[in-house]
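Structure first, then comments.
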Amino acid sequence: MDLLALRYFQVLARLEHVGRAADQLRIAQPSLSRTLARLEDDLGVPLFDRHGRRIRLNRFGAAFLRRVDRALAELDDARRELADAAGLERGILAVATETLLPLSEVIHTFVAEHPLVDVRLFQSAAGDMAAQLREGEVDLCIGSQPLPGNDIRGQVLLDEPVLLCVPVGHRLAGRERVRIAELAGEPFITTRPGYWQRALAERLFAKAGLELDIVCQSDEPEGLFHLIGAGLGIGLVPSFGRRIDLHATVSWLAVDEPDCRRVLSLAWRQDSYLSVAAQRFRDHVIDHFRD
């Protein structure tokens with residue numbers, strides 16, 4: 001049993017398709033099939049059920065995959081740890097975030113201080129972040145919803161009120177506060193399911209016994225108040241958004257609900273190696289929001 005065979009098996013187990021796995025691995029299909037056959041002979045059990053040209057991971061394969069994932073993750077962590085210990089100046093940092101707005105300034109200052117670090121950003125919903133962490137696709141996540149699992153640690157960066165944002169000239173513009181009950185029938189602009197703004201709006205409206213009338217849902221939370229300013233509808237926006245409302249196209253109202261807040265947190269896996277670049281970015285982000 002060699003390392004290459006395990007990596008081939010891992011990819012094939014994920015895709016359950018010999019052709020696509022061979023393409024991803026950039027090897028010939030017969031070579032992949034022979035490697036899998038040798039691995040199964042070595043283990044003494046089949047790892048896949050064959051149905052013509054289709055394959056499906058069986059119970060032996062599923063159990064073996066869990067161990068392979070753990071073993072290869074440990075080896076990948078070891079490689080990164082040795083690279084750091086060798087004093088390599090270059091590093092790769094991968095971060096998943098719900099919205100890019102809170103990160104623009106902190107990324108700018110981090111890159112200025114660490115110009116040789118290759119920073120890669122992923123915009124993801126909260127439901128995808130935990131999987132990205134566990135699969136090693138990203139080092140850190142920044143989001144407004146807690147990530148499930150005892151293997152994930154978090155650090156609160158920002159706890160702020162969420163405000164109601166309405167267009168200038170709206171019937172509520174000029175008010176300081178508003179109750180959710182006063183928003184019955186209002187056209188609402190929010191994010192698609194999976195993002196915290198959508199979950200918050202649905203929870204508050206359900207609590208008030210109201211139906212949420214969504215006229216626009218977006219993948220980019222920071223763009224919501226631009227659409228609100230255009231007069232398309234109203235929406236819930238964290239108070240952080242007031243920093244980019246440069247043209248006074250909207251009015252901001254406090255919401256009379258104690259849980260109408262956004263808690264922005266930084267998350268990482270506690271059972272995996274965190275590279276020097278990731279550690280420095282984690283500390284940089286925490287210091288930035290603390291200041």
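Chain labels run A, B, ... following the order of the structure tokens; each chain numbers its residues from 1, and ligands are numbered from 1 in the order shown.
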*Write out as a PyMOL selection string each polymer residue whose atoms come within 10 Å of Leu65 of chain A, counting only C-alpha atoms; drop sequence neighbours fewer than 5 positions from it.*
chain A and resi 6+9-10+13-14+47+57+59-60+70-71
Selected residues written out, C-alpha atoms, as a PDB file, in the first residue's frame:
ATOM      1  CA  LEU A   6      -4.345   6.201  -1.193  1.00  0.00           C
ATOM      2  CA  PHE A   9      -8.580   6.090  -3.879  1.00  0.00           C
ATOM      3  CA  GLN A  10      -9.542   9.295  -2.058  1.00  0.00           C
ATOM      4  CA  ALA A  13     -14.211   7.746  -3.571  1.00  0.00           C
ATOM      5  CA  ARG A  14     -15.293  11.391  -3.734  1.00  0.00           C
ATOM      6  CA  LEU A  47     -14.006  -0.969  -1.739  1.00  0.00           C
ATOM      7  CA  LEU A  57     -18.450   3.277  -2.454  1.00  0.00           C
ATOM      8  CA  ARG A  59     -19.398  -0.030   3.510  1.00  0.00           C
ATOM      9  CA  PHE A  60     -15.779  -1.246   3.420  1.00  0.00           C
ATOM     10  CA  ARG A  70      -7.438  11.343   8.510  1.00  0.00           C
ATOM     11  CA  ALA A  71      -4.052   9.898   7.529  1.00  0.00           C
TER      12      ALA A  71
END
*Fewer than 3 positions away in the same chain doesn't count, so skip those; otherwise give me all residues within 6 Å of Gly143 of chain A, counting only C-alpha atoms, as a list in words.*
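Counting only the stated atoms, we get Thr97, Glu98, Leu264 and Ser265 of chain A.
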Mind dumping the selected residues with all heavy atoms as a CSV table (one decimal), in the first residue's frame?
chain,number,residue,atom,x,y,z
A,97,THR,N,-15.3,33.5,3.8
A,97,THR,CA,-16.1,34.6,4.4
A,97,THR,C,-17.4,34.8,3.8
A,97,THR,O,-17.6,34.5,2.6
A,97,THR,CB,-15.3,35.9,4.4
A,97,THR,OG1,-16.0,37.0,5.0
A,97,THR,CG2,-15.0,36.3,3.0
A,98,GLU,N,-18.4,35.2,4.6
A,98,GLU,CA,-19.7,35.4,4.0
A,98,GLU,C,-19.8,36.7,3.1
A,98,GLU,O,-20.5,36.7,2.1
A,98,GLU,CB,-20.7,35.6,5.1
A,98,GLU,CG,-21.0,34.3,5.9
A,98,GLU,CD,-21.9,34.6,7.1
A,98,GLU,OE1,-21.7,35.6,7.8
A,98,GLU,OE2,-22.8,33.8,7.4
A,264,LEU,N,-20.0,38.7,14.5
A,264,LEU,CA,-19.0,38.2,13.5
A,264,LEU,C,-17.9,37.5,14.3
A,264,LEU,O,-17.3,38.0,15.2
A,264,LEU,CB,-18.4,39.4,12.8
A,264,LEU,CG,-17.5,39.2,11.6
A,264,LEU,CD1,-18.3,38.6,10.5
A,264,LEU,CD2,-16.8,40.4,11.2
A,265,SER,N,-17.6,36.3,13.8
A,265,SER,CA,-16.6,35.4,14.5
A,265,SER,C,-15.6,34.9,13.5
A,265,SER,O,-15.9,34.7,12.3
A,265,SER,CB,-17.3,34.3,15.2
A,265,SER,OG,-18.2,34.7,16.2
*Find the residues near Val162 of chain A: any atom within 9 Å, counting only C-alpha atoms, skip ones fewer than 6 places away on the same chain, and give them as a list in words.*
Leu236, Val237, Pro238, Ser239, Phe240, Ala254, Val255, Asp259, Cys260, Arg261 and Arg262 of chain A
*Taking the chain letters and numbering used in this document, name the residues of segment 56-229 of chain A that DSSP puts in helix (DSSP H, G or I), as a ChimeraX atom specification.*
/A:59-85,101-113,126-134,180-183,196-207,221-229
Could you write out that same residue set with C-alpha atoms as an mmCIF file, in the first residue's frame?
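Below is the file selection36.cif, written as the result:
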data_model
loop_
_atom_site.group_PDB
_atom_site.id
_atom_site.type_symbol
_atom_site.label_atom_id
_atom_site.label_comp_id
_atom_site.auth_asym_id
_atom_site.auth_seq_id
_atom_site.Cartn_x
_atom_site.Cartn_y
_atom_site.Cartn_z
ATOM 1 C CA ARG A 59 -19.398 -0.030 3.510
ATOM 2 C CA PHE A 60 -15.779 -1.246 3.420
ATOM 3 C CA GLY A 61 -14.806 1.687 1.228
ATOM 4 C CA ALA A 62 -16.654 4.212 3.414
ATOM 5 C CA ALA A 63 -14.887 2.937 6.548
ATOM 6 C CA PHE A 64 -11.512 2.951 4.781
ATOM 7 C CA LEU A 65 -12.104 6.470 3.397
ATOM 8 C CA ARG A 66 -12.561 7.898 6.899
ATOM 9 C CA ARG A 67 -9.141 6.545 7.889
ATOM 10 C CA VAL A 68 -7.512 7.618 4.641
ATOM 11 C CA ASP A 69 -8.849 11.162 4.994
ATOM 12 C CA ARG A 70 -7.438 11.343 8.510
ATOM 13 C CA ALA A 71 -4.052 9.898 7.529
ATOM 14 C CA LEU A 72 -3.577 12.113 4.478
ATOM 15 C CA ALA A 73 -4.689 15.190 6.426
ATOM 16 C CA GLU A 74 -2.018 14.431 9.026
ATOM 17 C CA LEU A 75 0.619 14.064 6.316
ATOM 18 C CA ASP A 76 -0.432 17.335 4.673
ATOM 19 C CA ASP A 77 -0.274 19.071 8.051
ATOM 20 C CA ALA A 78 3.190 17.611 8.613
ATOM 21 C CA ARG A 79 4.378 18.935 5.248
ATOM 22 C CA ARG A 80 3.129 22.437 6.084
ATOM 23 C CA GLU A 81 4.662 22.290 9.560
ATOM 24 C CA LEU A 82 8.063 21.267 8.181
ATOM 25 C CA ALA A 83 7.912 23.992 5.541
ATOM 26 C CA ASP A 84 7.263 26.544 8.278
ATOM 27 C CA ALA A 85 10.032 25.118 10.455
ATOM 28 C CA LEU A 101 -16.752 44.123 3.150
ATOM 29 C CA PRO A 102 -15.442 43.660 6.721
ATOM 30 C CA LEU A 103 -12.225 42.162 5.338
ATOM 31 C CA SER A 104 -11.210 44.851 2.851
ATOM 32 C CA GLU A 105 -9.168 46.916 5.287
ATOM 33 C CA VAL A 106 -7.712 44.002 7.242
ATOM 34 C CA ILE A 107 -6.614 42.252 4.031
ATOM 35 C CA HIS A 108 -4.978 45.450 2.816
ATOM 36 C CA THR A 109 -2.912 45.868 5.973
ATOM 37 C CA PHE A 110 -2.009 42.156 6.178
ATOM 38 C CA VAL A 111 -0.805 41.982 2.579
ATOM 39 C CA ALA A 112 1.234 45.147 3.103
ATOM 40 C CA GLU A 113 2.992 43.510 6.068
ATOM 41 C CA ALA A 126 -22.213 29.312 6.663
ATOM 42 C CA GLY A 127 -23.399 25.841 5.712
ATOM 43 C CA ASP A 128 -20.383 25.385 3.427
ATOM 44 C CA MET A 129 -17.719 26.769 5.757
ATOM 45 C CA ALA A 130 -17.507 23.836 8.177
ATOM 46 C CA ALA A 131 -17.001 21.428 5.266
ATOM 47 C CA GLN A 132 -14.325 23.694 3.771
ATOM 48 C CA LEU A 133 -12.464 23.707 7.089
ATOM 49 C CA ARG A 134 -12.684 19.956 7.588
ATOM 50 C CA ILE A 180 -41.095 44.597 13.367
ATOM 51 C CA ALA A 181 -44.906 44.740 13.501
ATOM 52 C CA GLU A 182 -44.728 48.073 11.612
ATOM 53 C CA LEU A 183 -43.068 46.358 8.637
ATOM 54 C CA TRP A 196 -27.361 35.127 8.402
ATOM 55 C CA GLN A 197 -29.425 38.142 7.206
ATOM 56 C CA ARG A 198 -32.035 35.801 5.737
ATOM 57 C CA ALA A 199 -32.157 33.660 8.881
ATOM 58 C CA LEU A 200 -32.475 36.755 11.096
ATOM 59 C CA ALA A 201 -35.256 38.324 9.016
ATOM 60 C CA GLU A 202 -37.232 35.067 8.888
ATOM 61 C CA ARG A 203 -36.866 34.576 12.635
ATOM 62 C CA LEU A 204 -37.969 38.126 13.534
ATOM 63 C CA PHE A 205 -40.938 38.102 11.154
ATOM 64 C CA ALA A 206 -42.071 34.663 12.337
ATOM 65 C CA LYS A 207 -41.868 35.850 15.941
ATOM 66 C CA PRO A 221 -24.720 40.900 1.529
ATOM 67 C CA GLU A 222 -22.758 44.129 1.190
ATOM 68 C CA GLY A 223 -24.691 45.080 -1.945
ATOM 69 C CA LEU A 224 -28.060 45.056 -0.218
ATOM 70 C CA PHE A 225 -28.141 48.657 0.908
ATOM 71 C CA HIS A 226 -27.258 49.861 -2.605
ATOM 72 C CA LEU A 227 -30.459 48.197 -3.835
ATOM 73 C CA ILE A 228 -32.340 49.653 -0.886
ATOM 74 C CA GLY A 229 -31.024 53.098 -1.776
#
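Shortest separation to Gln279 of chain A among A:His51, A:Thr99, A:Asp139, A:Pro46 occurs at residue A:Asp139, atoms counted being only C-alpha atoms.
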_Distance of atom CA of Ser218 of chain A from atom CA of Gly169 of chain A, expressed in Å to one decimal place_ =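 Interatomic distance, atom CA of Gly169 of chain A to atom CA of Ser218 of chain A: 23.5 Å.
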*Counting only C-alpha atoms, what is within 9 Å of Gly154 of chain A, bar same-chain residues fewer than 5 positions away, as a PyMOL selection string?*
chain A and resi 146-147+265-269
